[in-house]
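Data from query.cif: mmCIF, C-alpha atoms and all ligand atoms
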```cif
data_structure
loop_
_atom_site.label_atom_id
_atom_site.label_comp_id
_atom_site.auth_asym_id
_atom_site.auth_seq_id
_atom_site.Cartn_x
_atom_site.Cartn_y
_atom_site.Cartn_z
CA MET A 5 79.31 85.45 80.53
CA GLU A 6 80.54 87.68 83.39
CA LYS A 7 80.73 91.43 82.76
CA PHE A 8 82.92 94.23 84.04
CA ALA A 9 83.99 97.77 83.19
CA PHE A 10 87.24 99.56 83.90
CA ILE A 11 87.70 103.33 84.03
CA ILE A 12 90.71 104.77 82.27
CA HIS A 13 91.77 108.37 81.75
CA PRO A 14 94.57 110.23 79.98
CA LEU A 15 97.63 110.52 82.24
CA ASP A 16 98.67 113.77 80.53
CA LEU A 17 97.89 116.00 77.55
CA GLU A 18 100.18 113.94 75.31
CA ASP A 19 97.84 110.99 75.84
CA VAL A 20 94.94 113.22 74.82
CA GLY A 21 96.79 114.24 71.66
CA ARG A 22 97.36 110.57 70.78
CA LYS A 23 93.66 109.73 71.18
CA PHE A 24 92.12 112.90 69.72
CA GLY A 25 94.72 113.94 67.10
CA PRO A 26 93.56 117.49 66.21
CA LEU A 27 93.36 118.56 69.88
CA LYS A 28 97.15 118.31 70.21
CA TYR A 29 97.58 121.57 68.29
CA LEU A 30 95.64 123.53 70.91
CA PRO A 31 97.26 125.36 73.86
CA ALA A 32 97.20 123.32 77.09
CA PRO A 33 94.62 125.44 78.97
CA ILE A 34 92.17 125.13 76.06
CA MET A 35 92.71 121.37 75.83
CA GLU A 36 92.09 121.10 79.57
CA GLY A 37 88.95 123.23 79.27
CA ILE A 38 87.62 120.95 76.51
CA LEU A 39 88.36 117.84 78.56
CA ARG A 40 86.37 119.25 81.48
CA MET A 41 83.34 119.61 79.25
CA LEU A 42 83.57 116.21 77.55
CA PRO A 43 81.22 113.54 78.91
CA ALA A 44 82.30 110.04 79.96
CA PHE A 45 82.58 107.77 76.94
CA LYS A 46 82.96 104.13 75.93
CA VAL A 47 86.55 103.55 74.83
CA SER A 48 86.46 99.92 73.71
CA GLN A 49 85.00 96.48 74.26
CA ILE A 50 87.21 93.85 75.90
CA THR A 51 86.70 90.26 74.77
CA GLY A 52 88.24 86.81 75.04
CA ILE A 53 89.00 86.55 78.77
CA ARG A 54 88.79 82.88 79.71
CA SER A 55 89.71 81.58 83.14
CA ASN A 56 91.66 78.34 83.58
CA ALA A 57 88.68 77.36 85.76
CA GLY A 58 86.29 77.69 82.79
CA ALA A 59 84.52 81.03 83.40
CA GLU A 60 84.47 83.71 80.69
CA ALA A 61 84.25 87.48 80.98
CA GLU A 62 83.90 90.45 78.73
CA GLY A 63 83.96 94.14 79.54
CA TRP A 64 84.49 97.72 78.51
CA PHE A 65 87.06 100.40 78.99
CA VAL A 66 85.15 103.55 79.85
CA GLY A 67 86.90 106.91 79.65
CA CYS A 68 86.87 109.69 82.23
CA PRO A 69 88.19 112.69 80.28
CA LEU A 70 90.49 114.36 82.83
CA THR A 71 94.28 114.15 83.08
CA ALA A 72 96.10 113.06 86.26
CA LYS A 73 97.04 116.68 86.94
CA GLN A 74 93.41 117.80 86.57
CA MET A 75 92.25 115.00 88.87
CA VAL A 76 94.47 116.21 91.69
CA SER A 77 94.14 119.96 91.09
CA LEU A 78 90.43 120.46 90.29
CA PRO A 79 87.97 120.52 93.20
CA GLU A 80 86.66 117.09 94.19
CA SER A 81 83.17 118.47 93.53
CA VAL A 82 84.12 118.50 89.83
CA VAL A 83 86.19 115.32 89.68
CA ILE A 84 84.17 112.83 91.75
CA PRO A 85 80.84 113.37 89.90
CA LYS A 86 82.69 112.84 86.64
CA ILE A 87 84.11 109.54 87.91
CA ILE A 88 80.65 108.51 89.12
CA LYS A 89 79.17 109.25 85.68
CA THR A 90 81.90 107.15 84.06
CA ALA A 91 81.22 104.27 86.46
CA GLN A 92 77.49 104.61 85.74
CA LEU A 93 78.23 104.34 82.02
CA GLY A 94 79.91 101.00 82.78
CA ALA A 95 76.76 99.89 84.62
CA ASP A 96 74.56 101.03 81.69
CA LEU A 97 76.68 98.92 79.34
CA GLY A 98 75.90 95.87 81.48
CA ALA A 99 78.91 95.62 83.81
CA LYS A 100 78.33 94.21 87.28
CA ILE A 101 81.60 95.56 88.66
CA VAL A 102 83.70 98.58 87.77
CA GLY A 103 87.41 99.08 88.41
CA LEU A 104 88.89 102.51 89.07
CA GLY A 105 92.03 103.01 86.98
CA ALA A 106 95.02 105.26 87.74
CA PHE A 107 94.01 108.53 89.46
CA THR A 108 90.29 107.71 89.61
CA SER A 109 91.16 105.62 92.68
CA VAL A 110 93.65 108.13 94.07
CA VAL A 111 91.37 111.19 94.35
CA GLY A 112 88.86 111.51 97.16
CA ASP A 113 88.25 108.56 99.45
CA GLY A 114 89.58 105.70 97.30
CA GLY A 115 86.27 104.79 95.66
CA VAL A 116 83.98 104.83 98.71
CA THR A 117 81.84 107.75 97.47
CA VAL A 118 81.76 106.31 93.95
CA SER A 119 80.54 102.97 95.29
CA GLN A 120 77.73 104.73 97.17
CA ASN A 121 76.50 106.36 93.98
CA VAL A 122 76.43 103.53 91.45
CA PRO A 123 74.30 100.38 91.40
CA ILE A 124 77.22 97.99 90.81
CA ALA A 125 80.28 96.84 92.76
CA VAL A 126 83.43 98.97 92.72
CA THR A 127 87.09 98.09 93.23
CA THR A 128 90.27 100.14 93.00
CA GLY A 129 92.35 97.14 91.90
CA ASN A 130 94.90 98.03 94.57
CA SER A 131 94.99 94.60 96.30
CA TYR A 132 96.23 92.79 93.20
CA THR A 133 98.55 95.72 92.43
CA VAL A 134 100.22 95.17 95.81
CA TYR A 135 100.36 91.42 95.29
CA THR A 136 102.01 91.59 91.86
CA ALA A 137 104.42 94.40 92.81
CA LEU A 138 105.73 92.21 95.62
CA GLU A 139 105.85 89.15 93.36
CA GLY A 140 108.05 91.23 91.02
CA VAL A 141 110.30 92.37 93.86
CA ARG A 142 110.75 88.80 95.12
CA PHE A 143 111.46 87.52 91.60
CA ALA A 144 114.08 90.24 90.96
CA ALA A 145 115.68 89.70 94.39
CA ARG A 146 115.98 85.96 93.67
CA LEU A 147 117.67 86.62 90.32
CA LEU A 148 120.07 89.16 91.83
CA GLU A 149 120.70 86.81 94.76
CA LEU A 150 119.61 89.40 97.27
CA GLU A 151 118.23 87.98 100.50
CA LEU A 152 115.17 89.94 101.60
CA GLU A 153 116.02 89.40 105.23
CA ARG A 154 119.33 91.25 104.81
CA ALA A 155 118.06 93.89 102.41
CA HIS A 156 117.28 97.49 103.28
CA VAL A 157 113.89 98.31 101.75
CA ALA A 158 112.59 101.83 101.15
CA VAL A 159 108.93 102.38 100.34
CA ILE A 160 108.19 105.79 98.84
CA GLY A 161 104.55 106.80 99.15
CA ALA A 162 104.35 104.63 102.26
CA THR A 163 101.38 106.57 103.65
CA GLY A 164 99.25 105.73 100.61
CA SER A 165 96.87 102.86 99.95
CA ILE A 166 99.28 100.74 97.88
CA GLY A 167 102.50 101.88 99.58
CA SER A 168 101.33 101.18 103.13
CA ALA A 169 100.01 97.73 102.16
CA CYS A 170 103.30 96.88 100.38
CA ALA A 171 105.22 97.89 103.50
CA ARG A 172 102.90 95.91 105.80
CA VAL A 173 103.18 92.73 103.71
CA LEU A 174 106.95 93.03 103.28
CA ALA A 175 107.43 93.58 107.00
CA ALA A 176 106.92 89.83 107.41
CA ASP A 177 110.07 89.14 105.34
CA VAL A 178 112.48 92.02 105.94
CA LYS A 179 114.24 93.51 108.93
CA TYR A 180 115.29 96.94 107.69
CA MET A 181 112.69 99.22 106.18
CA THR A 182 112.38 102.97 105.68
CA LEU A 183 108.97 104.49 105.10
CA VAL A 184 109.07 107.62 102.97
CA GLY A 185 106.31 110.19 102.63
CA ARG A 186 105.56 113.89 102.95
CA ASN A 187 103.70 113.93 106.21
CA PRO A 188 105.64 112.88 109.37
CA ASN A 189 102.47 112.23 111.41
CA LYS A 190 101.01 109.91 108.80
CA LEU A 191 104.37 108.14 108.48
CA GLN A 192 104.49 107.66 112.21
CA ARG A 193 101.02 106.07 112.17
CA VAL A 194 102.01 103.56 109.46
CA SER A 195 105.23 102.81 111.31
CA GLU A 196 103.35 102.14 114.57
CA HIS A 197 100.88 99.93 112.72
CA ILE A 198 103.76 97.84 111.32
CA LEU A 199 105.46 97.64 114.71
CA THR A 200 102.27 96.25 116.25
CA GLU A 201 101.52 93.94 113.34
CA SER A 202 104.99 92.55 112.62
CA GLY A 203 107.36 93.74 115.33
CA ILE A 204 109.55 95.65 112.82
CA ALA A 205 110.74 99.11 113.84
CA CYS A 206 110.81 101.06 110.56
CA LYS A 207 112.69 104.29 110.02
CA VAL A 208 110.62 107.14 108.62
CA SER A 209 111.81 109.89 106.30
CA THR A 210 110.45 112.80 104.32
CA ASP A 211 113.58 112.88 102.15
CA ALA A 212 113.19 110.31 99.37
CA ASN A 213 116.64 110.77 97.88
CA ARG A 214 118.42 110.38 101.18
CA ALA A 215 116.32 107.31 102.05
CA ILE A 216 117.14 105.51 98.81
CA SER A 217 120.86 106.19 98.95
CA ASP A 218 121.47 103.01 100.95
CA ALA A 219 118.37 101.03 99.94
CA ASP A 220 118.82 97.67 98.20
CA ILE A 221 115.14 97.57 97.25
CA VAL A 222 112.99 100.61 96.48
CA ILE A 223 109.24 100.37 95.98
CA THR A 224 107.94 103.69 94.80
CA VAL A 225 104.24 104.34 94.53
CA THR A 226 103.36 107.98 95.01
CA SER A 227 100.56 109.88 93.35
CA ALA A 228 102.95 112.69 92.39
CA VAL A 229 102.35 114.01 88.89
CA GLY A 230 106.09 114.37 88.14
CA GLY A 231 109.07 112.14 89.02
CA VAL A 232 110.01 112.15 92.70
CA VAL A 233 113.26 110.17 92.65
CA ASP A 234 116.64 111.42 91.51
CA ALA A 235 118.38 108.59 89.66
CA ARG A 236 121.77 109.70 90.93
CA ALA A 237 120.72 108.94 94.49
CA LEU A 238 120.08 105.22 93.91
CA LYS A 239 122.53 102.73 95.42
CA PRO A 240 124.41 100.64 92.82
CA GLY A 241 122.68 97.29 92.43
CA ALA A 242 119.36 98.61 93.72
CA ILE A 243 116.15 96.88 92.67
CA VAL A 244 113.51 99.52 91.97
CA CYS A 245 109.85 98.65 91.50
CA ASP A 246 107.96 101.69 90.18
CA VAL A 247 104.25 101.09 90.67
CA ALA A 248 103.19 104.70 90.16
CA ARG A 249 101.37 105.95 87.05
CA PRO A 250 102.58 108.45 85.96
CA ARG A 251 106.00 107.04 86.87
CA ASP A 252 107.99 108.17 89.88
CA ILE A 253 111.27 107.24 88.17
CA SER A 254 112.12 109.15 85.06
CA ARG A 255 113.35 107.54 81.86
CA GLN A 256 116.67 109.28 82.60
CA VAL A 257 117.38 106.44 85.08
CA ALA A 258 117.38 103.89 82.28
CA GLU A 259 119.73 106.09 80.31
CA THR A 260 122.16 107.04 83.08
CA ARG A 261 122.22 104.08 85.46
CA ASP A 262 123.04 100.68 84.02
CA ASP A 263 123.86 99.47 87.52
CA VAL A 264 120.29 99.46 88.88
CA LEU A 265 117.28 97.34 87.98
CA VAL A 266 114.15 99.41 87.44
CA PHE A 267 110.89 97.71 86.54
CA GLU A 268 107.21 98.55 86.44
CA GLY A 269 105.05 97.04 89.15
CA GLY A 270 101.88 95.25 88.27
CA VAL A 271 102.08 93.89 84.71
CA VAL A 272 99.93 90.79 84.38
CA GLN A 273 99.35 88.06 81.79
CA VAL A 274 95.59 87.64 81.30
CA PRO A 275 94.30 84.10 80.53
CA GLY A 276 92.38 83.17 77.37
CA ASN A 277 92.69 85.18 74.21
CA PRO A 278 92.10 88.70 75.50
CA ASN A 279 91.54 91.55 73.10
CA PHE A 280 91.38 94.98 74.71
CA ASN A 281 90.73 96.78 71.43
CA PHE A 282 92.73 99.63 72.87
CA ASN A 283 96.48 100.12 72.99
CA PHE A 284 97.66 101.18 76.42
CA GLY A 285 101.29 100.40 75.60
CA PHE A 286 101.50 96.83 76.86
CA PRO A 287 102.23 93.65 74.87
CA GLU A 288 99.20 91.70 73.67
CA GLY A 289 97.36 89.79 76.35
CA THR A 290 98.82 91.71 79.29
CA SER A 291 97.26 94.33 81.52
CA TYR A 292 97.85 96.43 84.61
CA ALA A 293 97.22 94.54 87.84
CA CYS A 294 94.36 96.89 88.78
CA MET A 295 92.57 96.00 85.51
CA ALA A 296 93.30 92.33 86.15
CA GLU A 297 91.74 92.55 89.64
CA THR A 298 88.47 93.75 88.11
CA MET A 299 88.52 90.90 85.55
CA LEU A 300 89.34 88.37 88.28
CA LEU A 301 86.43 89.43 90.46
CA ALA A 302 84.10 89.20 87.44
CA LEU A 303 85.37 85.70 86.54
CA GLU A 304 84.83 84.64 90.14
CA GLY A 305 81.31 86.17 90.10
CA LYS A 306 82.42 88.09 93.18
CA TYR A 307 80.42 91.24 92.56
CA GLU A 308 81.27 93.08 95.76
CA ASN A 309 83.24 96.19 96.69
CA PHE A 310 86.62 94.52 97.06
CA SER A 311 89.47 97.03 97.40
CA LEU A 312 88.00 100.30 98.62
CA GLY A 313 89.18 103.16 100.80
CA LYS A 314 92.72 104.06 101.74
CA GLU A 315 93.56 101.13 104.00
CA LEU A 316 93.73 97.78 102.26
CA SER A 317 93.02 94.51 104.01
CA LEU A 318 96.05 92.21 103.84
CA GLU A 319 93.67 89.22 103.84
CA ARG A 320 92.21 90.56 100.60
CA VAL A 321 95.67 91.03 99.10
CA MET A 322 96.32 87.32 99.74
CA GLU A 323 92.82 86.34 98.60
CA ILE A 324 93.20 88.06 95.23
CA GLY A 325 96.57 86.30 94.83
CA ARG A 326 94.81 82.96 95.34
CA LEU A 327 92.07 83.90 92.87
CA ALA A 328 94.72 84.88 90.32
CA GLN A 329 96.27 81.43 90.60
CA LYS A 330 92.88 79.74 90.30
CA HIS A 331 91.92 81.66 87.15
CA GLY A 332 95.35 81.61 85.49
CA PHE A 333 96.53 85.23 85.86
CA LYS A 334 100.25 85.64 86.45
CA LEU A 335 103.05 88.15 86.57
CA ALA A 336 104.11 88.87 82.98
CA GLY A 337 107.85 88.91 83.69
CA LEU A 338 109.45 92.31 84.35
CA ARG A 339 109.11 95.38 82.12
CA SER A 340 111.16 98.53 82.13
CA PHE A 341 110.30 101.66 80.18
CA GLU A 342 108.10 99.87 77.63
CA ARG A 343 110.52 96.97 77.14
CA ALA A 344 110.49 93.44 78.50
CA LEU A 345 113.45 92.55 80.69
CA ASP A 346 114.39 88.95 80.19
CA GLU A 347 116.20 86.88 82.78
CA SER A 348 119.47 87.05 80.87
CA GLN A 349 119.51 90.89 81.11
CA ILE A 350 118.94 90.69 84.85
CA LEU A 351 121.63 88.04 85.25
CA SER A 352 124.05 90.18 83.24
CA LEU A 353 123.36 93.09 85.61
CA ARG A 354 124.16 90.75 88.50
CA ASP A 355 127.43 89.72 86.84
CA ARG A 356 128.38 93.36 86.16
CA LEU A 357 127.75 94.22 89.80
CA VAL A 358 129.83 91.30 91.01
CA ARG A 359 132.70 92.33 88.67
CA LYS A 360 132.53 95.93 89.92
CA THR A 361 132.70 94.72 93.52
CA VAL A 362 135.72 92.54 92.76
CA VAL A 363 137.48 95.39 90.93
CA GLY A 364 136.61 97.69 93.84
CA LEU A 365 138.22 95.27 96.28
CA ALA A 366 141.36 94.71 94.22
N1 LIG B 401 100.58 99.82 88.29
C1 LIG B 401 99.32 99.62 88.61
O1 LIG B 401 98.69 98.62 88.22
C2 LIG B 401 98.62 100.65 89.47
C3 LIG B 401 97.35 100.36 90.01
C4 LIG B 401 96.75 101.31 90.83
C5 LIG B 401 97.38 102.53 91.09
N2 LIG B 401 98.58 102.78 90.54
C6 LIG B 401 99.31 104.04 90.82
O2 LIG B 401 99.83 103.97 92.15
C7 LIG B 401 100.03 105.30 92.65
C8 LIG B 401 99.52 105.42 94.10
O3 LIG B 401 98.19 105.01 94.22
P1 LIG B 401 97.49 104.95 95.68
O4 LIG B 401 96.09 104.50 95.44
O5 LIG B 401 98.33 104.20 96.65
O6 LIG B 401 97.50 106.52 96.05
P2 LIG B 401 97.32 107.20 97.49
O7 LIG B 401 96.63 106.31 98.44
O8 LIG B 401 96.72 108.53 97.23
O9 LIG B 401 98.82 107.39 98.00
C9 LIG B 401 99.71 108.25 97.35
C10 LIG B 401 101.01 108.37 98.11
O10 LIG B 401 101.86 109.27 97.38
C11 LIG B 401 102.30 110.32 98.24
N3 LIG B 401 102.47 111.54 97.43
C12 LIG B 401 101.53 112.22 96.75
N4 LIG B 401 102.05 113.26 96.09
C13 LIG B 401 103.39 113.25 96.36
C14 LIG B 401 104.48 114.07 95.98
N5 LIG B 401 104.31 115.13 95.20
N6 LIG B 401 105.72 113.74 96.44
C15 LIG B 401 105.90 112.67 97.24
N7 LIG B 401 104.88 111.85 97.64
C16 LIG B 401 103.65 112.14 97.21
C17 LIG B 401 101.20 110.44 99.27
O11 LIG B 401 101.71 111.09 100.40
P3 LIG B 401 100.77 111.92 101.42
O12 LIG B 401 100.29 110.92 102.40
O13 LIG B 401 101.68 112.92 101.99
O14 LIG B 401 99.66 112.51 100.59
C18 LIG B 401 100.86 108.97 99.50
O15 LIG B 401 101.84 108.37 100.34
C19 LIG B 401 99.36 106.22 91.64
O16 LIG B 401 100.36 106.74 90.78
C20 LIG B 401 98.45 105.28 90.84
O17 LIG B 401 98.21 105.75 89.53
C21 LIG B 401 99.23 101.87 89.75
#
```
Take the structure from the file and write it as structure tokens.
Amino acid sequence: MEKFAFIIHPLDLEDVGRKFGPLKYLPAPIMEGILRMLPAFKVSQITGIRSNAGAEAEGWFVGCPLTAKQMVSLPESVVIPKIIKTAQLGADLGAKIVGLGAFTSVVGDGGVTVSQNVPIAVTTGNSYTVYTALEGVRFAARLLELELERAHVAVIGATGSIGSACARVLAADVKYMTLVGRNPNKLQRVSEHILTESGIACKVSTDANRAISDADIVITVTSAVGGVVDARALKPGAIVCDVARPRDISRQVAETRDDVLVFEGGVVQVPGNPNFNFNFGFPEGTSYACMAETMLLALEGKYENFSLGKELSLERVMEIGRLAQKHGFKLAGLRSFERALDESQILSLRDRLVRKTVVGLA
């Protein structure tokens, strides 16, 4: 039996209230103070993961009690040791690899320091997150009959680990791409990298809303704590893959724009009869891609630091895609704001868009 652990943490204080009921009545600063003092803890045992190739794995969710906002605002000297202790708890439970969930892979150096301070392998899960986000984009584009080669793609958070890898992979299939971020120098570096690698000259922008106004496909994957995209700015018919947790696109989009397709990146069907013994808001048997990467590496017995640091290897993105196929992990359709989107809903969006175009022309 292969063994892994995966670090989770509350995204916000509402999550804390759901897990530790009585705390929700306390003022936010007191709740945050309590979280800082809480030690890492075992959240649940994960059982029933069985690869199509025969291997079995079990694991644990281990909790790092800090919210996303605390992770980015407290000094790294507070946050990183807490992540290391949580990873060490995974090792003590018997895991041979630990995955860094949500902001535990965003803060600091993308897991490098953590990996140097625990006796087991570490992965951020970002390679499989990139792979599945792009699988979702390709699937949605096929259903909406949008040719990637003609599409204008905007990647928001393009200077980050996941965003830059998404842009680099997509550069093989698209001609028009805008890289969006906050720092023009960093954007320029990613753009030059893509030009050398794929021969595509990307535009760069620090204005997300302007960049998406004529984008057919938007991949948004920032580590912002609040939404960064104004729904009103999206082009009608746009396909939007929101990989960020917390989300970059607010629920308001679903309520105000029935002419765009917004889905969550990285929702994966796990093979076997998985029981996470913890509700993170997904249907039974499905997980985030970053969790799935950790399970995959355990099933493969590949106990090595796989996705680490801020620049992903595209070879590893493809390798984890191959491993997913081998072990029976696959994209779990598309989900939008806690609901599954079936093909008929996507096709009806396509029909509505076609009708609007025809009416517009008449
Ligand atoms: N769905 C999944 O399975 C999954 C898996 C892993 C991670 N994630 C999520 O993916 C997101 C990104 O992760 P990552 O590892 O790629 O992070 P990262 O390497 O730190 O990159 C974050 C990107 O967001 C940008 N950014 C940060 N704050 C911003 C703000 N306030 N406004 C606009 N842009 C901002 C950064 O720009 P600068 O360069 O200017 O800092 C950078 O481009 C996180 O939300 C994480 O929780 C999801």
| request: Could the residues that lie within 6 Å of ligand LIG 401 (chain B), counting all atoms listed in the file, be listed as a count of residues only? | output: 31
| Exercise: residues within 9 Å of coordinate (95.2, 92.0, 87.8), counting all atoms listed in the file, as an MDAnalysis selection string | chainID A and resid 129 131:133 136 270:274 291:300 324 328 333:335
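Minimum atom-to-atom distances from A:Val141, A:Arg236, A:Asn121, A:Gln74 to Arg261 of chain A were compared using all atoms listed in the file, and the lowest value belongs to A:Arg236.
Going from atom CA of Gln192 of chain A to atom CA of Val208 of chain A covers 7.1 Å.
If you count all atoms listed in the file and ignore residues fewer than 4 places along the chain from Asp220 of chain A, what sits within 10 Å of it is Ala145, Leu150, Glu151, Leu152, Arg154, Ala155, His156, Val157, Ala158, Ile216, Leu238, Lys239, Pro240, Gly241, Ala242, Ile243, Val244 and Val264 of chain A.
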| field | For atom CA of Ile87 of chain A and atom CA of Thr108 of chain A, the interatomic separation in Å (one decimal) | value | 6.7 Å
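For the pair atom CA of Val266 of chain A and atom CA of Arg146 of chain A, the interatomic distance is 14.9 Å.
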| request: Using all atoms listed in the file, determine which residues lie at most 9 Å from Asp177 of chain A, disregarding the query and same-chain residues fewer than 3 positions distant; provide the list as a PyMOL selection string. | output: chain A and resi 152-153+173-174
Mind dumping the selected residues with C-alpha atoms as a compact mmCIF listing (two decimals), in the coordinates of the input?
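Everything below was put into selection-v4.txt:
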```txt
# COMPACT_ATOMS: atom_id res chain seq x y z
CA LEU A 152 115.17 89.94 101.60
CA GLU A 153 116.02 89.40 105.23
CA VAL A 173 103.18 92.73 103.71
CA LEU A 174 106.95 93.03 103.28
```
| Point (96.7, 112.3, 73.0) neighbourhood (12 Å, all atoms listed in the file) written as a ChimeraX atom specification | /A:13-30,32,35-36,39,69-71,284
| Which is closer to Leu199 of chain A than all the others in A:Glu304, A:Arg172, A:Gly289, A:Asn283, using only C-alpha atoms? | A:Arg172
So for segment 262-272 of chain A, what box centre and size do we get, axis-aligned, 5 Å extra on each of the six sides, every listed atom, Å to one decimal, as JSON?
```
{"center_x": 111.9, "center_y": 95.7, "center_z": 86.6, "size_x": 33.9, "size_y": 19.9, "size_z": 15.1}
```
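For Arg343 of chain A, the set of protein, DNA and RNA residues having any atom at most 12 Å away, when counting only C-alpha atoms and skipping those fewer than 3 positions along the same chain, is A:Arg255, A:Ala258, A:Val266, A:Phe267, A:Glu268, A:Val271, A:Gly285, A:Phe286, A:Pro287, A:Ala336, A:Gly337, A:Leu338, A:Arg339, A:Ser340, A:Asp346, A:Gln349.
Proximity ranking of A:Thr128, A:Cys170, A:Leu78, A:Met322 relative to Val116 of chain A places A:Thr128 first, based on all atoms listed in the file.
Minimum atom-to-atom distance to Ser195 of chain A, evaluated using all atoms listed in the file, belongs to A:Val159 out of A:Ile53, A:Val47, A:Ile221, A:Val159.
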| query | Nearest to Ser317 of chain A: which of A:Ile160, A:Val229, A:Tyr135, A:Glu342 is it, counting all atoms listed in the file? | reply | A:Tyr135
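If only C-alpha atoms are the atoms counted, then among A:Trp64, A:Phe310, A:Phe45, A:Phe143 the closest residue to Ile350 of chain A is A:Phe143.
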